[in-house]
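Q: So here's run.txt (compact mmCIF, N, CA and C atoms).
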# COMPACT_ATOMS: atom_id res chain seq x y z
N ALA A 72 0.84 -1.18 0.00
CA ALA A 72 0.00 0.00 0.00
C ALA A 72 0.88 1.24 0.00
N ALA A 73 0.39 2.28 -0.61
CA ALA A 73 1.14 3.53 -0.68
C ALA A 73 1.16 4.22 0.68
N GLU A 74 2.23 4.94 0.93
CA GLU A 74 2.35 5.69 2.18
C GLU A 74 1.39 6.87 2.16
N ALA A 75 0.92 7.28 3.32
CA ALA A 75 0.03 8.43 3.43
C ALA A 75 0.80 9.71 3.15
N THR A 76 0.14 10.66 2.51
CA THR A 76 0.76 11.95 2.28
C THR A 76 0.73 12.75 3.57
N LEU A 77 1.48 13.83 3.61
CA LEU A 77 1.50 14.70 4.79
C LEU A 77 0.10 15.24 5.07
N ALA A 78 -0.64 15.65 4.05
CA ALA A 78 -1.99 16.17 4.25
C ALA A 78 -2.91 15.10 4.82
N GLU A 79 -2.79 13.86 4.34
CA GLU A 79 -3.61 12.76 4.86
C GLU A 79 -3.28 12.49 6.32
N MET A 80 -1.98 12.50 6.65
CA MET A 80 -1.58 12.26 8.05
C MET A 80 -2.09 13.37 8.96
N GLU A 81 -2.04 14.62 8.50
CA GLU A 81 -2.55 15.74 9.31
C GLU A 81 -4.05 15.62 9.51
N ALA A 82 -4.77 15.24 8.46
CA ALA A 82 -6.22 15.07 8.58
C ALA A 82 -6.55 13.93 9.55
N ASN A 83 -5.82 12.82 9.46
CA ASN A 83 -6.03 11.71 10.38
C ASN A 83 -5.75 12.14 11.81
N ASN A 84 -4.67 12.89 12.02
CA ASN A 84 -4.34 13.37 13.36
C ASN A 84 -5.42 14.29 13.90
N LEU A 85 -6.01 15.13 13.04
CA LEU A 85 -7.07 16.04 13.47
C LEU A 85 -8.30 15.25 13.90
N LEU A 86 -8.68 14.22 13.14
CA LEU A 86 -9.83 13.41 13.51
C LEU A 86 -9.57 12.68 14.83
N VAL A 87 -8.38 12.14 15.02
CA VAL A 87 -8.03 11.49 16.29
C VAL A 87 -8.14 12.51 17.43
N LYS A 88 -7.61 13.69 17.23
CA LYS A 88 -7.65 14.74 18.26
C LYS A 88 -9.09 15.11 18.61
N LYS A 89 -9.95 15.26 17.61
CA LYS A 89 -11.35 15.62 17.86
C LYS A 89 -12.08 14.51 18.62
N ILE A 90 -11.79 13.26 18.29
CA ILE A 90 -12.40 12.14 19.02
C ILE A 90 -11.93 12.16 20.48
N GLN A 91 -10.65 12.40 20.70
CA GLN A 91 -10.13 12.47 22.07
C GLN A 91 -10.74 13.65 22.82
N GLU A 92 -10.86 14.81 22.17
CA GLU A 92 -11.46 15.99 22.80
C GLU A 92 -12.92 15.76 23.17
N ALA A 93 -13.61 14.92 22.41
CA ALA A 93 -15.01 14.61 22.70
C ALA A 93 -15.15 13.68 23.90
N GLY A 94 -14.05 13.13 24.39
CA GLY A 94 -14.09 12.25 25.54
C GLY A 94 -13.78 10.80 25.21
N GLY A 95 -13.50 10.52 23.96
CA GLY A 95 -13.20 9.15 23.56
C GLY A 95 -14.45 8.40 23.15
N VAL A 96 -14.27 7.17 22.73
CA VAL A 96 -15.34 6.34 22.18
C VAL A 96 -15.90 5.42 23.27
N ASP A 97 -17.23 5.39 23.36
CA ASP A 97 -17.92 4.43 24.23
C ASP A 97 -18.10 3.15 23.43
N PHE A 98 -17.27 2.16 23.68
CA PHE A 98 -17.27 0.94 22.90
C PHE A 98 -18.43 0.00 23.24
N THR A 99 -19.27 0.38 24.20
CA THR A 99 -20.48 -0.42 24.46
C THR A 99 -21.61 -0.04 23.51
N MET A 100 -21.41 1.03 22.75
CA MET A 100 -22.42 1.54 21.82
C MET A 100 -21.93 1.34 20.38
N PRO A 101 -22.83 1.50 19.41
CA PRO A 101 -22.43 1.32 18.00
C PRO A 101 -21.39 2.35 17.54
N ILE A 102 -20.53 1.92 16.62
CA ILE A 102 -19.51 2.76 16.00
C ILE A 102 -19.60 2.51 14.50
N LEU A 103 -19.49 3.58 13.71
CA LEU A 103 -19.53 3.42 12.26
C LEU A 103 -18.57 4.41 11.63
N LEU A 104 -17.72 3.93 10.76
CA LEU A 104 -16.84 4.79 9.99
C LEU A 104 -17.39 4.90 8.58
N GLY A 105 -17.10 6.03 7.93
CA GLY A 105 -17.56 6.24 6.57
C GLY A 105 -16.49 6.91 5.74
N TYR A 106 -16.65 6.82 4.44
CA TYR A 106 -15.68 7.42 3.52
C TYR A 106 -16.41 7.91 2.28
N THR A 107 -15.81 8.89 1.61
CA THR A 107 -16.32 9.35 0.32
C THR A 107 -15.33 8.96 -0.76
N GLY A 108 -15.82 8.89 -1.98
CA GLY A 108 -14.96 8.53 -3.09
C GLY A 108 -15.26 7.14 -3.60
N LEU A 109 -14.39 6.66 -4.46
CA LEU A 109 -14.63 5.38 -5.13
C LEU A 109 -14.06 4.18 -4.39
N ASP A 110 -13.18 4.41 -3.40
CA ASP A 110 -12.65 3.30 -2.63
C ASP A 110 -12.37 3.76 -1.20
N ASP A 111 -12.09 2.80 -0.35
CA ASP A 111 -11.90 3.10 1.08
C ASP A 111 -10.43 3.16 1.49
N ARG A 112 -9.53 3.39 0.54
CA ARG A 112 -8.10 3.41 0.83
C ARG A 112 -7.74 4.39 1.94
N LEU A 113 -8.26 5.62 1.88
CA LEU A 113 -7.92 6.61 2.90
C LEU A 113 -8.51 6.24 4.26
N MET A 114 -9.68 5.64 4.26
CA MET A 114 -10.26 5.21 5.53
C MET A 114 -9.44 4.08 6.14
N GLN A 115 -8.98 3.14 5.32
CA GLN A 115 -8.14 2.06 5.83
C GLN A 115 -6.83 2.61 6.38
N GLN A 116 -6.28 3.63 5.73
CA GLN A 116 -5.07 4.28 6.23
C GLN A 116 -5.35 4.95 7.57
N TYR A 117 -6.53 5.59 7.69
CA TYR A 117 -6.92 6.23 8.96
C TYR A 117 -7.01 5.18 10.07
N ILE A 118 -7.63 4.05 9.78
CA ILE A 118 -7.77 2.99 10.79
C ILE A 118 -6.39 2.53 11.25
N GLN A 119 -5.49 2.35 10.31
CA GLN A 119 -4.13 1.93 10.66
C GLN A 119 -3.42 3.02 11.48
N ASP A 120 -3.51 4.27 11.05
CA ASP A 120 -2.82 5.37 11.72
C ASP A 120 -3.37 5.67 13.11
N SER A 121 -4.64 5.35 13.34
CA SER A 121 -5.28 5.68 14.61
C SER A 121 -5.60 4.44 15.43
N ARG A 122 -4.87 3.37 15.20
CA ARG A 122 -5.20 2.10 15.86
C ARG A 122 -5.21 2.19 17.38
N GLU A 123 -4.47 3.14 17.97
CA GLU A 123 -4.50 3.26 19.44
C GLU A 123 -5.88 3.64 19.96
N LEU A 124 -6.71 4.26 19.11
CA LEU A 124 -8.08 4.58 19.51
C LEU A 124 -8.96 3.34 19.56
N TRP A 125 -8.71 2.40 18.67
CA TRP A 125 -9.64 1.29 18.46
C TRP A 125 -9.17 -0.06 18.99
N GLN A 126 -7.87 -0.30 19.01
CA GLN A 126 -7.36 -1.66 19.19
C GLN A 126 -7.78 -2.33 20.48
N ASP A 127 -7.94 -1.59 21.55
CA ASP A 127 -8.33 -2.20 22.82
C ASP A 127 -9.83 -2.16 23.07
N GLY A 128 -10.58 -1.49 22.17
CA GLY A 128 -12.01 -1.31 22.43
C GLY A 128 -12.93 -2.17 21.59
N THR A 129 -12.48 -2.57 20.41
CA THR A 129 -13.36 -3.34 19.54
C THR A 129 -12.54 -4.25 18.64
N GLU A 130 -13.15 -5.35 18.26
CA GLU A 130 -12.46 -6.29 17.38
C GLU A 130 -12.63 -5.94 15.91
N ARG A 131 -13.69 -5.17 15.58
CA ARG A 131 -13.90 -4.79 14.19
C ARG A 131 -14.58 -3.43 14.12
N LEU A 132 -14.34 -2.76 13.01
CA LEU A 132 -14.95 -1.47 12.74
C LEU A 132 -15.79 -1.58 11.47
N ASP A 133 -17.09 -1.36 11.60
CA ASP A 133 -17.95 -1.37 10.42
C ASP A 133 -17.78 -0.05 9.67
N SER A 134 -18.01 -0.10 8.36
CA SER A 134 -17.87 1.12 7.57
C SER A 134 -18.85 1.12 6.42
N VAL A 135 -19.12 2.32 5.91
CA VAL A 135 -20.01 2.51 4.77
C VAL A 135 -19.46 3.59 3.87
N CYS A 136 -19.88 3.54 2.62
CA CYS A 136 -19.59 4.63 1.69
C CYS A 136 -20.63 5.72 1.94
N ILE A 137 -20.18 6.95 2.16
CA ILE A 137 -21.08 8.07 2.41
C ILE A 137 -21.83 8.40 1.13
N GLY A 138 -23.11 8.66 1.25
CA GLY A 138 -23.95 8.95 0.09
C GLY A 138 -23.64 10.28 -0.57
N SER A 139 -24.33 10.52 -1.66
CA SER A 139 -24.04 11.68 -2.51
C SER A 139 -24.36 13.02 -1.86
N VAL A 140 -25.35 13.09 -0.98
CA VAL A 140 -25.71 14.38 -0.37
C VAL A 140 -24.55 14.90 0.47
N ILE A 141 -24.06 14.11 1.39
CA ILE A 141 -22.91 14.53 2.21
C ILE A 141 -21.63 14.47 1.40
N GLY A 142 -21.48 13.44 0.60
CA GLY A 142 -20.27 13.26 -0.18
C GLY A 142 -19.99 14.40 -1.13
N THR A 143 -21.04 15.01 -1.69
CA THR A 143 -20.85 16.14 -2.60
C THR A 143 -20.20 17.31 -1.87
N TYR A 144 -20.59 17.55 -0.65
CA TYR A 144 -20.03 18.67 0.12
C TYR A 144 -18.66 18.33 0.69
N ALA A 145 -18.46 17.09 1.08
CA ALA A 145 -17.18 16.70 1.67
C ALA A 145 -16.11 16.51 0.61
N GLY A 146 -16.51 16.06 -0.55
CA GLY A 146 -15.54 15.77 -1.61
C GLY A 146 -14.95 14.39 -1.44
N PRO A 147 -14.23 13.91 -2.45
CA PRO A 147 -13.64 12.57 -2.37
C PRO A 147 -12.50 12.53 -1.34
N GLY A 148 -12.37 11.39 -0.69
CA GLY A 148 -11.27 11.22 0.25
C GLY A 148 -11.58 11.59 1.69
N ALA A 149 -12.84 11.94 1.98
CA ALA A 149 -13.21 12.27 3.36
C ALA A 149 -13.40 10.99 4.18
N VAL A 150 -13.07 11.07 5.45
CA VAL A 150 -13.29 9.97 6.40
C VAL A 150 -14.10 10.54 7.56
N VAL A 151 -15.14 9.82 7.95
CA VAL A 151 -15.98 10.27 9.07
C VAL A 151 -16.09 9.16 10.10
N ALA A 152 -16.32 9.56 11.34
CA ALA A 152 -16.51 8.61 12.43
C ALA A 152 -17.78 8.98 13.18
N ALA A 153 -18.70 8.04 13.28
CA ALA A 153 -19.93 8.23 14.05
C ALA A 153 -19.82 7.33 15.28
N PHE A 154 -19.91 7.93 16.45
CA PHE A 154 -19.73 7.16 17.69
C PHE A 154 -20.42 7.87 18.83
N PHE A 155 -20.62 7.14 19.91
CA PHE A 155 -21.09 7.71 21.16
C PHE A 155 -19.87 7.95 22.03
N ARG A 156 -19.80 9.11 22.62
CA ARG A 156 -18.62 9.41 23.45
C ARG A 156 -18.81 8.83 24.83
N LYS A 157 -17.67 8.61 25.49
CA LYS A 157 -17.69 8.11 26.86
C LYS A 157 -18.40 9.12 27.75
N GLY A 158 -19.21 8.63 28.65
CA GLY A 158 -19.92 9.51 29.56
C GLY A 158 -21.26 9.98 29.03
N GLY A 159 -21.47 9.93 27.74
CA GLY A 159 -22.76 10.24 27.15
C GLY A 159 -23.27 11.65 27.33
N LYS A 160 -22.40 12.60 27.60
CA LYS A 160 -22.87 13.98 27.80
C LYS A 160 -22.50 14.84 26.62
Is it possible to give me this structure as structure tokens?

A:
Amino acid sequence: AAEATLAEMEANNLLVKKIQEAGGVDFTMPILLGYTGLDDRLMQQYIQDSRELWQDGTERLDSVCIGSVIGTYAGPGAVVAAFFRKGGK
């Protein structure tokens, strides 16, 4: 697999930071990752780069291709994470 570009690594780091700022992931609740574009390469890179968020909390991460309404605004290559934060507040 190709190495992540600097921009991709910065975007992945920002998403990790935002998840941490939200209080982290409540792994007792559903988690869903999504991506825009024709393939999930950037999302798979995100999962690999942010494995410290997921590796101890879940055995698998479900994912979907984001539809055209959100995808049109986000553009190709976007990665999203839908989760419940710890503490539920």

Q: So which one's closest to Met114 of chain A, A:Thr76, A:Gln126, A:Thr99, A:Asn83? Using only C-alpha atoms, please.

A: A:Asn83

Q: So that I can see what lies close to segment 150-160 of chain A, please list as a PyMOL selection string the residues with an atom at most 6 Å from it, counting only C-alpha atoms and leaving out residues fewer than 6 positions away in the same chain.

A: chain A and resi 94-97+102-106+114

Q: In Å, how far is it from atom CA of Phe98 of chain A to atom CA of Gly128 of chain A?

A: 5.7 Å

Q: Report, in Å with one decimal, the straight-line distance from atom CA of Pro101 of chain A to atom CA of Val135 of chain A.

A: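 Spanning atom CA of Pro101 of chain A to atom CA of Val135 of chain A is a straight-line distance of 13.5 Å.
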
Q: Considering only C-alpha atoms, state which residue in the set A:Cys136, A:Met80, A:Ala149, A:Thr143 is at the smallest distance from Gln119 of chain A.

A: A:Met80

Q: Find the smallest box with edges along x, y and z containing every listed atom of segment 106-119 of chain A, then add 5 Å on each side and report centre and edge lengths in Å to one decimal, as lines of an AutoDock Vina configuration file.

A:
center_x = -10.0
center_y = 5.6
center_z = 3.2
size_x = 23.2
size_y = 17.4
size_z = 26.6

Q: For a test of reading the model, state the distance in Å between atom C of Leu109 of chain A and atom N of Ile141 of chain A, rounded to one decimal.

A: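 The value is 15.2 Å.
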
Q: Name the residues in contact with Pro147 of chain A at a cut-off of 6 Å, using all atoms listed in the file, excluding same-chain residues fewer than 4 positions from it; report them as number ranges by chain.

A: A: 107-108, 142

Q: Taking the DSSP assignment computed from this structure's backbone, write out as a PDB file with N, CA and C atoms, in the frame of the given file all residues of segment 117-157 of chain A that belong to helix (DSSP H, G or I).

A:
ATOM      1  N   TYR A 117      -6.530   5.590   7.690  1.00  0.00           N
ATOM      2  CA  TYR A 117      -6.920   6.230   8.960  1.00  0.00           C
ATOM      3  C   TYR A 117      -7.010   5.180  10.070  1.00  0.00           C
ATOM      4  N   ILE A 118      -7.630   4.050   9.780  1.00  0.00           N
ATOM      5  CA  ILE A 118      -7.770   2.990  10.790  1.00  0.00           C
ATOM      6  C   ILE A 118      -6.390   2.530  11.250  1.00  0.00           C
ATOM      7  N   GLN A 119      -5.490   2.350  10.310  1.00  0.00           N
ATOM      8  CA  GLN A 119      -4.130   1.930  10.660  1.00  0.00           C
ATOM      9  C   GLN A 119      -3.420   3.020  11.480  1.00  0.00           C
ATOM     10  N   ASP A 120      -3.510   4.270  11.050  1.00  0.00           N
ATOM     11  CA  ASP A 120      -2.820   5.370  11.720  1.00  0.00           C
ATOM     12  C   ASP A 120      -3.370   5.670  13.110  1.00  0.00           C
ATOM     13  N   ARG A 122      -4.870   3.370  15.200  1.00  0.00           N
ATOM     14  CA  ARG A 122      -5.200   2.100  15.860  1.00  0.00           C
ATOM     15  C   ARG A 122      -5.210   2.190  17.380  1.00  0.00           C
ATOM     16  N   GLU A 123      -4.470   3.140  17.970  1.00  0.00           N
ATOM     17  CA  GLU A 123      -4.500   3.260  19.440  1.00  0.00           C
ATOM     18  C   GLU A 123      -5.880   3.640  19.960  1.00  0.00           C
ATOM     19  N   LEU A 124      -6.710   4.260  19.110  1.00  0.00           N
ATOM     20  CA  LEU A 124      -8.080   4.580  19.510  1.00  0.00           C
ATOM     21  C   LEU A 124      -8.960   3.340  19.560  1.00  0.00           C
ATOM     22  N   TRP A 125      -8.710   2.400  18.670  1.00  0.00           N
ATOM     23  CA  TRP A 125      -9.640   1.290  18.460  1.00  0.00           C
ATOM     24  C   TRP A 125      -9.170  -0.060  18.990  1.00  0.00           C
ATOM     25  N   SER A 139     -24.330  10.520  -1.660  1.00  0.00           N
ATOM     26  CA  SER A 139     -24.040  11.680  -2.510  1.00  0.00           C
ATOM     27  C   SER A 139     -24.360  13.020  -1.860  1.00  0.00           C
ATOM     28  N   VAL A 140     -25.350  13.090  -0.980  1.00  0.00           N
ATOM     29  CA  VAL A 140     -25.710  14.380  -0.370  1.00  0.00           C
ATOM     30  C   VAL A 140     -24.550  14.900   0.470  1.00  0.00           C
ATOM     31  N   ILE A 141     -24.060  14.110   1.390  1.00  0.00           N
ATOM     32  CA  ILE A 141     -22.910  14.530   2.210  1.00  0.00           C
ATOM     33  C   ILE A 141     -21.630  14.470   1.400  1.00  0.00           C
ATOM     34  N   GLY A 142     -21.480  13.440   0.600  1.00  0.00           N
ATOM     35  CA  GLY A 142     -20.270  13.260  -0.180  1.00  0.00           C
ATOM     36  C   GLY A 142     -19.990  14.400  -1.130  1.00  0.00           C
ATOM     37  N   THR A 143     -21.040  15.010  -1.690  1.00  0.00           N
ATOM     38  CA  THR A 143     -20.850  16.140  -2.600  1.00  0.00           C
ATOM     39  C   THR A 143     -20.200  17.310  -1.870  1.00  0.00           C
ATOM     40  N   TYR A 144     -20.590  17.550  -0.650  1.00  0.00           N
ATOM     41  CA  TYR A 144     -20.030  18.670   0.120  1.00  0.00           C
ATOM     42  C   TYR A 144     -18.660  18.330   0.690  1.00  0.00           C
ATOM     43  N   ALA A 145     -18.460  17.090   1.080  1.00  0.00           N
ATOM     44  CA  ALA A 145     -17.180  16.700   1.670  1.00  0.00           C
ATOM     45  C   ALA A 145     -16.110  16.510   0.610  1.00  0.00           C
TER      46      ALA A 145
END
